[in-house]
Structure formats: C-alpha cells, structure tokens
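Engineer: What follows is protein.cif, made up of mmCIF, N, CA and C atoms:
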```cif
data_coords
#
loop_
_atom_site.label_atom_id
_atom_site.label_comp_id
_atom_site.auth_asym_id
_atom_site.auth_seq_id
_atom_site.Cartn_x
_atom_site.Cartn_y
_atom_site.Cartn_z
N MET A 1190 -27.86 -7.78 8.33
CA MET A 1190 -29.22 -7.95 7.83
C MET A 1190 -29.18 -8.00 6.30
N GLU A 1191 -30.03 -8.82 5.75
CA GLU A 1191 -30.09 -8.99 4.29
C GLU A 1191 -31.31 -8.28 3.72
N PRO A 1192 -31.23 -7.82 2.45
CA PRO A 1192 -32.39 -7.19 1.81
C PRO A 1192 -33.63 -8.09 1.83
N THR A 1193 -33.43 -9.39 1.69
CA THR A 1193 -34.57 -10.32 1.69
C THR A 1193 -35.29 -10.31 3.03
N GLU A 1194 -34.55 -10.12 4.13
CA GLU A 1194 -35.17 -10.05 5.46
C GLU A 1194 -36.03 -8.80 5.58
N ILE A 1195 -35.51 -7.67 5.11
CA ILE A 1195 -36.26 -6.42 5.16
C ILE A 1195 -37.52 -6.54 4.31
N LYS A 1196 -37.36 -7.13 3.12
CA LYS A 1196 -38.51 -7.30 2.22
C LYS A 1196 -39.59 -8.16 2.89
N ALA A 1197 -39.19 -9.23 3.54
CA ALA A 1197 -40.16 -10.13 4.20
C ALA A 1197 -40.90 -9.40 5.33
N ILE A 1198 -40.18 -8.61 6.12
CA ILE A 1198 -40.80 -7.86 7.22
C ILE A 1198 -41.84 -6.89 6.68
N LEU A 1199 -41.47 -6.14 5.63
CA LEU A 1199 -42.39 -5.14 5.07
C LEU A 1199 -43.58 -5.80 4.38
N GLU A 1200 -43.35 -6.91 3.68
CA GLU A 1200 -44.46 -7.61 3.02
C GLU A 1200 -45.45 -8.16 4.04
N ASP A 1201 -44.95 -8.64 5.17
CA ASP A 1201 -45.83 -9.16 6.22
C ASP A 1201 -46.65 -8.05 6.88
N ALA A 1202 -46.04 -6.87 7.02
CA ALA A 1202 -46.67 -5.78 7.78
C ALA A 1202 -47.56 -4.87 6.94
N LEU A 1203 -47.26 -4.74 5.65
CA LEU A 1203 -47.96 -3.76 4.83
C LEU A 1203 -48.58 -4.40 3.59
N SER A 1204 -49.66 -3.79 3.11
CA SER A 1204 -50.30 -4.25 1.89
C SER A 1204 -49.70 -3.46 0.72
N LEU A 1205 -48.75 -4.08 0.03
CA LEU A 1205 -48.03 -3.39 -1.05
C LEU A 1205 -48.23 -4.12 -2.37
N GLU A 1206 -48.30 -3.35 -3.45
CA GLU A 1206 -48.39 -3.94 -4.78
C GLU A 1206 -47.01 -4.35 -5.29
N GLU A 1207 -46.00 -3.58 -4.89
CA GLU A 1207 -44.65 -3.83 -5.37
C GLU A 1207 -43.66 -3.39 -4.30
N LEU A 1208 -42.56 -4.13 -4.17
CA LEU A 1208 -41.56 -3.80 -3.16
C LEU A 1208 -40.18 -4.19 -3.67
N HIS A 1209 -39.25 -3.24 -3.63
CA HIS A 1209 -37.87 -3.48 -4.05
C HIS A 1209 -36.97 -3.06 -2.89
N VAL A 1210 -36.05 -3.95 -2.51
CA VAL A 1210 -35.10 -3.64 -1.44
C VAL A 1210 -33.72 -4.02 -1.93
N LYS A 1211 -32.78 -3.08 -1.82
CA LYS A 1211 -31.40 -3.42 -2.15
C LYS A 1211 -30.48 -2.78 -1.12
N GLY A 1212 -29.28 -3.29 -1.05
CA GLY A 1212 -28.32 -2.77 -0.11
C GLY A 1212 -27.48 -3.88 0.46
N ASP A 1213 -26.58 -3.52 1.35
CA ASP A 1213 -25.74 -4.52 2.00
C ASP A 1213 -25.26 -3.99 3.34
N GLY A 1214 -24.84 -4.90 4.19
CA GLY A 1214 -24.38 -4.49 5.50
C GLY A 1214 -25.52 -3.90 6.30
N SER A 1215 -25.48 -2.59 6.51
CA SER A 1215 -26.53 -1.94 7.28
C SER A 1215 -27.12 -0.74 6.53
N HIS A 1216 -26.81 -0.60 5.23
CA HIS A 1216 -27.32 0.51 4.40
C HIS A 1216 -28.22 -0.06 3.32
N PHE A 1217 -29.48 0.42 3.30
CA PHE A 1217 -30.46 -0.15 2.39
C PHE A 1217 -31.29 0.92 1.69
N GLU A 1218 -31.85 0.53 0.54
CA GLU A 1218 -32.76 1.38 -0.21
C GLU A 1218 -34.05 0.60 -0.42
N VAL A 1219 -35.17 1.25 -0.10
CA VAL A 1219 -36.49 0.62 -0.23
C VAL A 1219 -37.33 1.44 -1.20
N ILE A 1220 -37.93 0.75 -2.16
CA ILE A 1220 -38.96 1.35 -3.01
C ILE A 1220 -40.22 0.55 -2.75
N ALA A 1221 -41.21 1.20 -2.16
CA ALA A 1221 -42.48 0.55 -1.81
C ALA A 1221 -43.60 1.20 -2.60
N VAL A 1222 -44.43 0.37 -3.22
CA VAL A 1222 -45.53 0.87 -4.04
C VAL A 1222 -46.84 0.29 -3.51
N GLY A 1223 -47.79 1.17 -3.18
CA GLY A 1223 -49.07 0.68 -2.69
C GLY A 1223 -50.11 1.79 -2.61
N GLU A 1224 -51.36 1.39 -2.74
CA GLU A 1224 -52.47 2.35 -2.63
C GLU A 1224 -52.54 2.95 -1.22
N LEU A 1225 -52.00 2.23 -0.22
CA LEU A 1225 -52.07 2.74 1.15
C LEU A 1225 -51.37 4.09 1.30
N PHE A 1226 -50.47 4.45 0.38
CA PHE A 1226 -49.76 5.73 0.45
C PHE A 1226 -50.57 6.89 -0.13
N ASP A 1227 -51.70 6.59 -0.75
CA ASP A 1227 -52.51 7.63 -1.37
C ASP A 1227 -52.99 8.64 -0.32
N GLY A 1228 -52.69 9.90 -0.56
CA GLY A 1228 -53.11 10.97 0.33
C GLY A 1228 -52.19 11.21 1.51
N MET A 1229 -51.16 10.38 1.68
CA MET A 1229 -50.23 10.56 2.80
C MET A 1229 -49.17 11.61 2.47
N SER A 1230 -48.73 12.32 3.50
CA SER A 1230 -47.61 13.23 3.33
C SER A 1230 -46.34 12.39 3.17
N ARG A 1231 -45.29 13.02 2.70
CA ARG A 1231 -44.01 12.32 2.54
C ARG A 1231 -43.52 11.76 3.89
N VAL A 1232 -43.68 12.55 4.94
CA VAL A 1232 -43.26 12.11 6.28
C VAL A 1232 -44.08 10.89 6.73
N LYS A 1233 -45.38 10.93 6.53
CA LYS A 1233 -46.25 9.82 6.94
C LYS A 1233 -45.90 8.55 6.15
N LYS A 1234 -45.58 8.70 4.87
CA LYS A 1234 -45.17 7.54 4.06
C LYS A 1234 -43.91 6.90 4.66
N GLN A 1235 -42.94 7.75 5.01
CA GLN A 1235 -41.69 7.23 5.57
C GLN A 1235 -41.93 6.57 6.93
N GLN A 1236 -42.80 7.17 7.74
CA GLN A 1236 -43.12 6.58 9.05
C GLN A 1236 -43.77 5.21 8.88
N THR A 1237 -44.57 5.06 7.83
CA THR A 1237 -45.25 3.79 7.56
C THR A 1237 -44.23 2.69 7.26
N ILE A 1238 -43.16 3.04 6.55
CA ILE A 1238 -42.10 2.08 6.24
C ILE A 1238 -41.22 1.83 7.47
N TYR A 1239 -40.87 2.90 8.19
CA TYR A 1239 -40.02 2.77 9.37
C TYR A 1239 -40.66 1.91 10.46
N GLY A 1240 -41.96 2.02 10.64
CA GLY A 1240 -42.67 1.34 11.72
C GLY A 1240 -42.29 -0.12 11.90
N PRO A 1241 -42.51 -0.96 10.88
CA PRO A 1241 -42.21 -2.39 11.04
C PRO A 1241 -40.71 -2.68 11.21
N LEU A 1242 -39.85 -1.72 10.85
CA LEU A 1242 -38.40 -1.94 10.90
C LEU A 1242 -37.74 -1.34 12.13
N MET A 1243 -38.51 -0.69 13.01
CA MET A 1243 -37.92 0.07 14.12
C MET A 1243 -37.02 -0.76 15.03
N GLU A 1244 -37.38 -1.98 15.31
CA GLU A 1244 -36.55 -2.81 16.19
C GLU A 1244 -35.16 -3.01 15.58
N HIS A 1245 -35.12 -3.21 14.28
CA HIS A 1245 -33.85 -3.43 13.59
C HIS A 1245 -33.04 -2.13 13.46
N ILE A 1246 -33.74 -1.02 13.40
CA ILE A 1246 -33.06 0.29 13.38
C ILE A 1246 -32.49 0.57 14.77
N ARG A 1247 -33.27 0.27 15.81
CA ARG A 1247 -32.84 0.47 17.19
C ARG A 1247 -31.58 -0.33 17.52
N THR A 1248 -31.50 -1.56 17.01
CA THR A 1248 -30.34 -2.42 17.29
C THR A 1248 -29.18 -2.17 16.32
N ASN A 1249 -29.39 -1.22 15.40
CA ASN A 1249 -28.38 -0.84 14.40
C ASN A 1249 -28.14 -1.91 13.34
N ALA A 1250 -29.02 -2.90 13.25
CA ALA A 1250 -28.94 -3.86 12.14
C ALA A 1250 -29.20 -3.13 10.83
N ILE A 1251 -30.04 -2.10 10.92
CA ILE A 1251 -30.26 -1.18 9.80
C ILE A 1251 -29.75 0.17 10.27
N HIS A 1252 -28.71 0.65 9.61
CA HIS A 1252 -28.11 1.92 10.00
C HIS A 1252 -28.63 3.07 9.14
N ALA A 1253 -28.70 2.83 7.85
CA ALA A 1253 -29.17 3.87 6.92
C ALA A 1253 -30.24 3.26 6.02
N LEU A 1254 -31.32 4.01 5.83
CA LEU A 1254 -32.45 3.52 5.04
C LEU A 1254 -32.95 4.64 4.15
N SER A 1255 -32.83 4.44 2.85
CA SER A 1255 -33.36 5.38 1.87
C SER A 1255 -34.73 4.85 1.45
N ILE A 1256 -35.76 5.70 1.50
CA ILE A 1256 -37.12 5.23 1.24
C ILE A 1256 -37.77 6.04 0.13
N LYS A 1257 -38.37 5.31 -0.83
CA LYS A 1257 -39.29 5.90 -1.79
C LYS A 1257 -40.59 5.14 -1.59
N ALA A 1258 -41.62 5.84 -1.15
CA ALA A 1258 -42.93 5.24 -0.94
C ALA A 1258 -43.90 5.93 -1.90
N LEU A 1259 -44.45 5.16 -2.82
CA LEU A 1259 -45.23 5.73 -3.91
C LEU A 1259 -46.56 5.00 -4.10
N THR A 1260 -47.54 5.72 -4.62
CA THR A 1260 -48.77 5.08 -5.06
C THR A 1260 -48.46 4.42 -6.41
N PRO A 1261 -49.30 3.48 -6.86
CA PRO A 1261 -49.07 2.88 -8.18
C PRO A 1261 -49.01 3.93 -9.30
N ALA A 1262 -49.83 4.97 -9.21
CA ALA A 1262 -49.81 6.02 -10.24
C ALA A 1262 -48.49 6.78 -10.21
N GLU A 1263 -47.99 7.10 -9.02
CA GLU A 1263 -46.71 7.79 -8.90
C GLU A 1263 -45.57 6.91 -9.42
N TRP A 1264 -45.63 5.61 -9.14
CA TRP A 1264 -44.61 4.67 -9.58
C TRP A 1264 -44.61 4.58 -11.11
N ALA A 1265 -45.80 4.51 -11.71
CA ALA A 1265 -45.90 4.45 -13.17
C ALA A 1265 -45.30 5.71 -13.79
N ARG A 1266 -45.58 6.86 -13.20
CA ARG A 1266 -45.03 8.12 -13.70
C ARG A 1266 -43.51 8.14 -13.56
N ASP A 1267 -43.00 7.72 -12.41
CA ASP A 1267 -41.55 7.69 -12.18
C ASP A 1267 -40.85 6.75 -13.15
N LYS A 1268 -41.45 5.60 -13.43
CA LYS A 1268 -40.84 4.64 -14.35
C LYS A 1268 -40.76 5.23 -15.76
N LYS A 1269 -41.79 5.98 -16.15
CA LYS A 1269 -41.77 6.63 -17.48
C LYS A 1269 -40.65 7.65 -17.55
N LEU A 1270 -40.46 8.40 -16.46
CA LEU A 1270 -39.42 9.43 -16.44
C LEU A 1270 -38.02 8.82 -16.48
N MET A 1271 -37.87 7.59 -15.99
CA MET A 1271 -36.55 6.97 -15.94
C MET A 1271 -36.16 6.27 -17.24
N GLN A 1272 -37.12 6.10 -18.16
CA GLN A 1272 -36.81 5.41 -19.41
C GLN A 1272 -35.95 6.30 -20.31
N PRO A 1273 -34.99 5.67 -21.01
CA PRO A 1273 -34.15 6.46 -21.91
C PRO A 1273 -34.96 7.01 -23.07
N LEU A 1274 -34.54 8.16 -23.54
CA LEU A 1274 -35.25 8.80 -24.65
C LEU A 1274 -34.87 8.20 -25.98
#
```
Please lay out the structure from this file as structure tokens.
Structural biologist:
Amino acid sequence: MEPTEIKAILEDALSLEELHVKGDGSHFEVIAVGELFDGMSRVKKQQTIYGPLMEHIRTNAIHALSIKALTPAEWARDKKLMQPL
C-alpha cells in the first residue's frame, strides 16, 4: 500500500483541513487536521482515522499506523513548538 492510497481513502471519508501521510511497505504515519476532532477524546480521534482504513488493516496491507489527529488550533500550536529557536 502506498501513502497516496491511504491519503485518498481518508480524504474521501473525512472532512479534513490538512492531511499528511508518510511511510512505506505496511508502516505508516498519519497527521490529520480537522475541526471534526474538536471535543473528541484521543481514543475517539484514533477510531475516526482507523474506521475508513479497517479493511486494509484487516488484510495486513497496513500493519502499523501512527496517528496524530488534531484540531486546526492544536496543529498551529504544535507547529510553533516544532520551529527552531
């Protein structure tokens, strides 16, 4: 499975402002940014991302998935924290 395939599945299924997918083989990292995550618990955010991908997880096309699901405000804060001083 390719990162572009995962990105297309998530973009079709969810209303996101920003989406980044990287990885290779069967190990991937997803950063999803959207207002839909506002008020959700960390577990609920992850379930929201896992949902559209479950068939691919079941078939082991996706073996490992690291997820960051953030609201736009959380993403803006995280980006500020990652900038060099």
Engineer: In Å to one decimal, how far is atom N of Leu1208 in chain A from CA of Ala1265 in chain A?
Structural biologist: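 One can read the CA of Ala1265 in chain A to atom N of Leu1208 in chain A distance as 12.9 Å.
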Engineer: Kindly give the distance, in Å, that separates atom C of Gly1223 in chain A and atom C of Glu1244 in chain A, rounded to a single decimal.
Structural biologist: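 A separation of 24.0 Å between them.
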Engineer: Find the distance between atom C of Thr1260 in chain A and atom C of Ser1215 in chain A and write it in Å to one decimal.
Structural biologist: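 Computing the Euclidean distance for atom C of Thr1260 in chain A and atom C of Ser1215 in chain A yields 25.5 Å.
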Engineer: Check the smallest atom-to-atom distance from each of A:Ile1246, A:Ile1251, A:Leu1205, A:Ile1238 to Val1219 in chain A using only C-alpha atoms, then report the winner.
Structural biologist: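 Selected residue with least distance to Val1219 in chain A: A:Ile1238.
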Engineer: Could you write out, as a ChimeraX atom specification, all the residues of chain A that DSSP marks as alpha helix (DSSP H)?
Structural biologist: /A:1192-1202,1231-1247,1261-1271
Engineer: For the file shown, what are the residues hit by the PyMOL selection byres (((chain A and resi 1256 and name CA) around 7) and name CA), laid out as a PDB file with N, CA and C atoms, keeping the file's coordinate frame?
Structural biologist:
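For reference, selection.pdb as written:
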```
ATOM      1  N   GLU A1218     -31.850   0.530   0.540  1.00  0.00           N
ATOM      2  CA  GLU A1218     -32.760   1.380  -0.210  1.00  0.00           C
ATOM      3  C   GLU A1218     -34.050   0.600  -0.420  1.00  0.00           C
ATOM      4  N   VAL A1219     -35.170   1.250  -0.100  1.00  0.00           N
ATOM      5  CA  VAL A1219     -36.490   0.620  -0.230  1.00  0.00           C
ATOM      6  C   VAL A1219     -37.330   1.440  -1.200  1.00  0.00           C
ATOM      7  N   ILE A1220     -37.930   0.750  -2.160  1.00  0.00           N
ATOM      8  CA  ILE A1220     -38.960   1.350  -3.010  1.00  0.00           C
ATOM      9  C   ILE A1220     -40.220   0.550  -2.750  1.00  0.00           C
ATOM     10  N   GLN A1235     -42.940   7.750   5.010  1.00  0.00           N
ATOM     11  CA  GLN A1235     -41.690   7.230   5.570  1.00  0.00           C
ATOM     12  C   GLN A1235     -41.930   6.570   6.930  1.00  0.00           C
ATOM     13  N   LEU A1254     -31.320   4.010   5.830  1.00  0.00           N
ATOM     14  CA  LEU A1254     -32.450   3.520   5.040  1.00  0.00           C
ATOM     15  C   LEU A1254     -32.950   4.640   4.150  1.00  0.00           C
ATOM     16  N   SER A1255     -32.830   4.440   2.850  1.00  0.00           N
ATOM     17  CA  SER A1255     -33.360   5.380   1.870  1.00  0.00           C
ATOM     18  C   SER A1255     -34.730   4.850   1.450  1.00  0.00           C
ATOM     19  N   LYS A1257     -38.370   5.310  -0.830  1.00  0.00           N
ATOM     20  CA  LYS A1257     -39.290   5.900  -1.790  1.00  0.00           C
ATOM     21  C   LYS A1257     -40.590   5.140  -1.590  1.00  0.00           C
ATOM     22  N   ALA A1258     -41.620   5.840  -1.150  1.00  0.00           N
ATOM     23  CA  ALA A1258     -42.930   5.240  -0.940  1.00  0.00           C
ATOM     24  C   ALA A1258     -43.900   5.930  -1.900  1.00  0.00           C
TER      25      ALA A1258
END
```
Engineer: Taking into account only C-alpha atoms, which residue in the set A:Met1190, A:Ser1230, A:Asp1213, A:Ala1221 is nearest to Trp1264 in chain A?
Structural biologist: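 Of all the options, A:Ala1221 lies closest to Trp1264 in chain A.
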Engineer: Could you tell me which residues the PyMOL selection byres (((chain A and resi 1198 and name CA) around 12) and name CA) returns for this structure, as a PDB file with N, CA and C atoms, in the frame of the given file?
Structural biologist:
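Once everything was written out, this is out.pdb:
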```
ATOM      1  N   MET A1190     -27.860  -7.780   8.330  1.00  0.00           N
ATOM      2  CA  MET A1190     -29.220  -7.950   7.830  1.00  0.00           C
ATOM      3  C   MET A1190     -29.180  -8.000   6.300  1.00  0.00           C
ATOM      4  N   GLU A1191     -30.030  -8.820   5.750  1.00  0.00           N
ATOM      5  CA  GLU A1191     -30.090  -8.990   4.290  1.00  0.00           C
ATOM      6  C   GLU A1191     -31.310  -8.280   3.720  1.00  0.00           C
ATOM      7  N   PRO A1192     -31.230  -7.820   2.450  1.00  0.00           N
ATOM      8  CA  PRO A1192     -32.390  -7.190   1.810  1.00  0.00           C
ATOM      9  C   PRO A1192     -33.630  -8.090   1.830  1.00  0.00           C
ATOM     10  N   THR A1193     -33.430  -9.390   1.690  1.00  0.00           N
ATOM     11  CA  THR A1193     -34.570 -10.320   1.690  1.00  0.00           C
ATOM     12  C   THR A1193     -35.290 -10.310   3.030  1.00  0.00           C
ATOM     13  N   GLU A1194     -34.550 -10.120   4.130  1.00  0.00           N
ATOM     14  CA  GLU A1194     -35.170 -10.050   5.460  1.00  0.00           C
ATOM     15  C   GLU A1194     -36.030  -8.800   5.580  1.00  0.00           C
ATOM     16  N   ILE A1195     -35.510  -7.670   5.110  1.00  0.00           N
ATOM     17  CA  ILE A1195     -36.260  -6.420   5.160  1.00  0.00           C
ATOM     18  C   ILE A1195     -37.520  -6.540   4.310  1.00  0.00           C
ATOM     19  N   LYS A1196     -37.360  -7.130   3.120  1.00  0.00           N
ATOM     20  CA  LYS A1196     -38.510  -7.300   2.220  1.00  0.00           C
ATOM     21  C   LYS A1196     -39.590  -8.160   2.890  1.00  0.00           C
ATOM     22  N   ALA A1197     -39.190  -9.230   3.540  1.00  0.00           N
ATOM     23  CA  ALA A1197     -40.160 -10.130   4.200  1.00  0.00           C
ATOM     24  C   ALA A1197     -40.900  -9.400   5.330  1.00  0.00           C
ATOM     25  N   LEU A1199     -41.470  -6.140   5.630  1.00  0.00           N
ATOM     26  CA  LEU A1199     -42.390  -5.140   5.070  1.00  0.00           C
ATOM     27  C   LEU A1199     -43.580  -5.800   4.380  1.00  0.00           C
ATOM     28  N   GLU A1200     -43.350  -6.910   3.680  1.00  0.00           N
ATOM     29  CA  GLU A1200     -44.460  -7.610   3.020  1.00  0.00           C
ATOM     30  C   GLU A1200     -45.450  -8.160   4.040  1.00  0.00           C
ATOM     31  N   ASP A1201     -44.950  -8.640   5.170  1.00  0.00           N
ATOM     32  CA  ASP A1201     -45.830  -9.160   6.220  1.00  0.00           C
ATOM     33  C   ASP A1201     -46.650  -8.050   6.880  1.00  0.00           C
ATOM     34  N   ALA A1202     -46.040  -6.870   7.020  1.00  0.00           N
ATOM     35  CA  ALA A1202     -46.670  -5.780   7.780  1.00  0.00           C
ATOM     36  C   ALA A1202     -47.560  -4.870   6.940  1.00  0.00           C
ATOM     37  N   LEU A1203     -47.260  -4.740   5.650  1.00  0.00           N
ATOM     38  CA  LEU A1203     -47.960  -3.760   4.830  1.00  0.00           C
ATOM     39  C   LEU A1203     -48.580  -4.400   3.590  1.00  0.00           C
ATOM     40  N   SER A1204     -49.660  -3.790   3.110  1.00  0.00           N
ATOM     41  CA  SER A1204     -50.300  -4.250   1.890  1.00  0.00           C
ATOM     42  C   SER A1204     -49.700  -3.460   0.720  1.00  0.00           C
ATOM     43  N   LEU A1205     -48.750  -4.080   0.030  1.00  0.00           N
ATOM     44  CA  LEU A1205     -48.030  -3.390  -1.050  1.00  0.00           C
ATOM     45  C   LEU A1205     -48.230  -4.120  -2.370  1.00  0.00           C
ATOM     46  N   LEU A1208     -42.560  -4.130  -4.170  1.00  0.00           N
ATOM     47  CA  LEU A1208     -41.560  -3.800  -3.160  1.00  0.00           C
ATOM     48  C   LEU A1208     -40.180  -4.190  -3.670  1.00  0.00           C
ATOM     49  N   VAL A1210     -36.050  -3.950  -2.510  1.00  0.00           N
ATOM     50  CA  VAL A1210     -35.100  -3.640  -1.440  1.00  0.00           C
ATOM     51  C   VAL A1210     -33.720  -4.020  -1.930  1.00  0.00           C
ATOM     52  N   ILE A1238     -43.160   3.040   6.550  1.00  0.00           N
ATOM     53  CA  ILE A1238     -42.100   2.080   6.240  1.00  0.00           C
ATOM     54  C   ILE A1238     -41.220   1.830   7.470  1.00  0.00           C
ATOM     55  N   TYR A1239     -40.870   2.900   8.190  1.00  0.00           N
ATOM     56  CA  TYR A1239     -40.020   2.770   9.370  1.00  0.00           C
ATOM     57  C   TYR A1239     -40.660   1.910  10.460  1.00  0.00           C
ATOM     58  N   GLY A1240     -41.960   2.020  10.640  1.00  0.00           N
ATOM     59  CA  GLY A1240     -42.670   1.340  11.720  1.00  0.00           C
ATOM     60  C   GLY A1240     -42.290  -0.120  11.900  1.00  0.00           C
ATOM     61  N   PRO A1241     -42.510  -0.960  10.880  1.00  0.00           N
ATOM     62  CA  PRO A1241     -42.210  -2.390  11.040  1.00  0.00           C
ATOM     63  C   PRO A1241     -40.710  -2.680  11.210  1.00  0.00           C
ATOM     64  N   LEU A1242     -39.850  -1.720  10.850  1.00  0.00           N
ATOM     65  CA  LEU A1242     -38.400  -1.940  10.900  1.00  0.00           C
ATOM     66  C   LEU A1242     -37.740  -1.340  12.130  1.00  0.00           C
ATOM     67  N   MET A1243     -38.510  -0.690  13.010  1.00  0.00           N
ATOM     68  CA  MET A1243     -37.920   0.070  14.120  1.00  0.00           C
ATOM     69  C   MET A1243     -37.020  -0.760  15.030  1.00  0.00           C
ATOM     70  N   GLU A1244     -37.380  -1.980  15.310  1.00  0.00           N
ATOM     71  CA  GLU A1244     -36.550  -2.810  16.190  1.00  0.00           C
ATOM     72  C   GLU A1244     -35.160  -3.010  15.580  1.00  0.00           C
ATOM     73  N   HIS A1245     -35.120  -3.210  14.280  1.00  0.00           N
ATOM     74  CA  HIS A1245     -33.850  -3.430  13.590  1.00  0.00           C
ATOM     75  C   HIS A1245     -33.040  -2.130  13.460  1.00  0.00           C
TER      76      HIS A1245
END
```
Engineer: Run DSSP on the backbone and give me the residues of chain A it puts in strand (DSSP E), as a list in words.
Structural biologist: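 The residues of chain A classed as strand (DSSP E) are Glu1207, Leu1208, His1209, Val1210, Lys1211, Gly1212, Asp1213, His1216, Phe1217, Glu1218, Val1219, Ile1220, Ala1221, Val1222, Ala1253, Leu1254, Ser1255, Ile1256, Lys1257, Ala1258 and Leu1259 of chain A.
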Engineer: Between A:Gln1236, A:Arg1247, A:Ala1253, A:Met1229, single out the one closest to Gly1214 in chain A, counting all atoms listed in the file.
Structural biologist: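 Closest residue, counting all atoms listed in the file: A:Ala1253.
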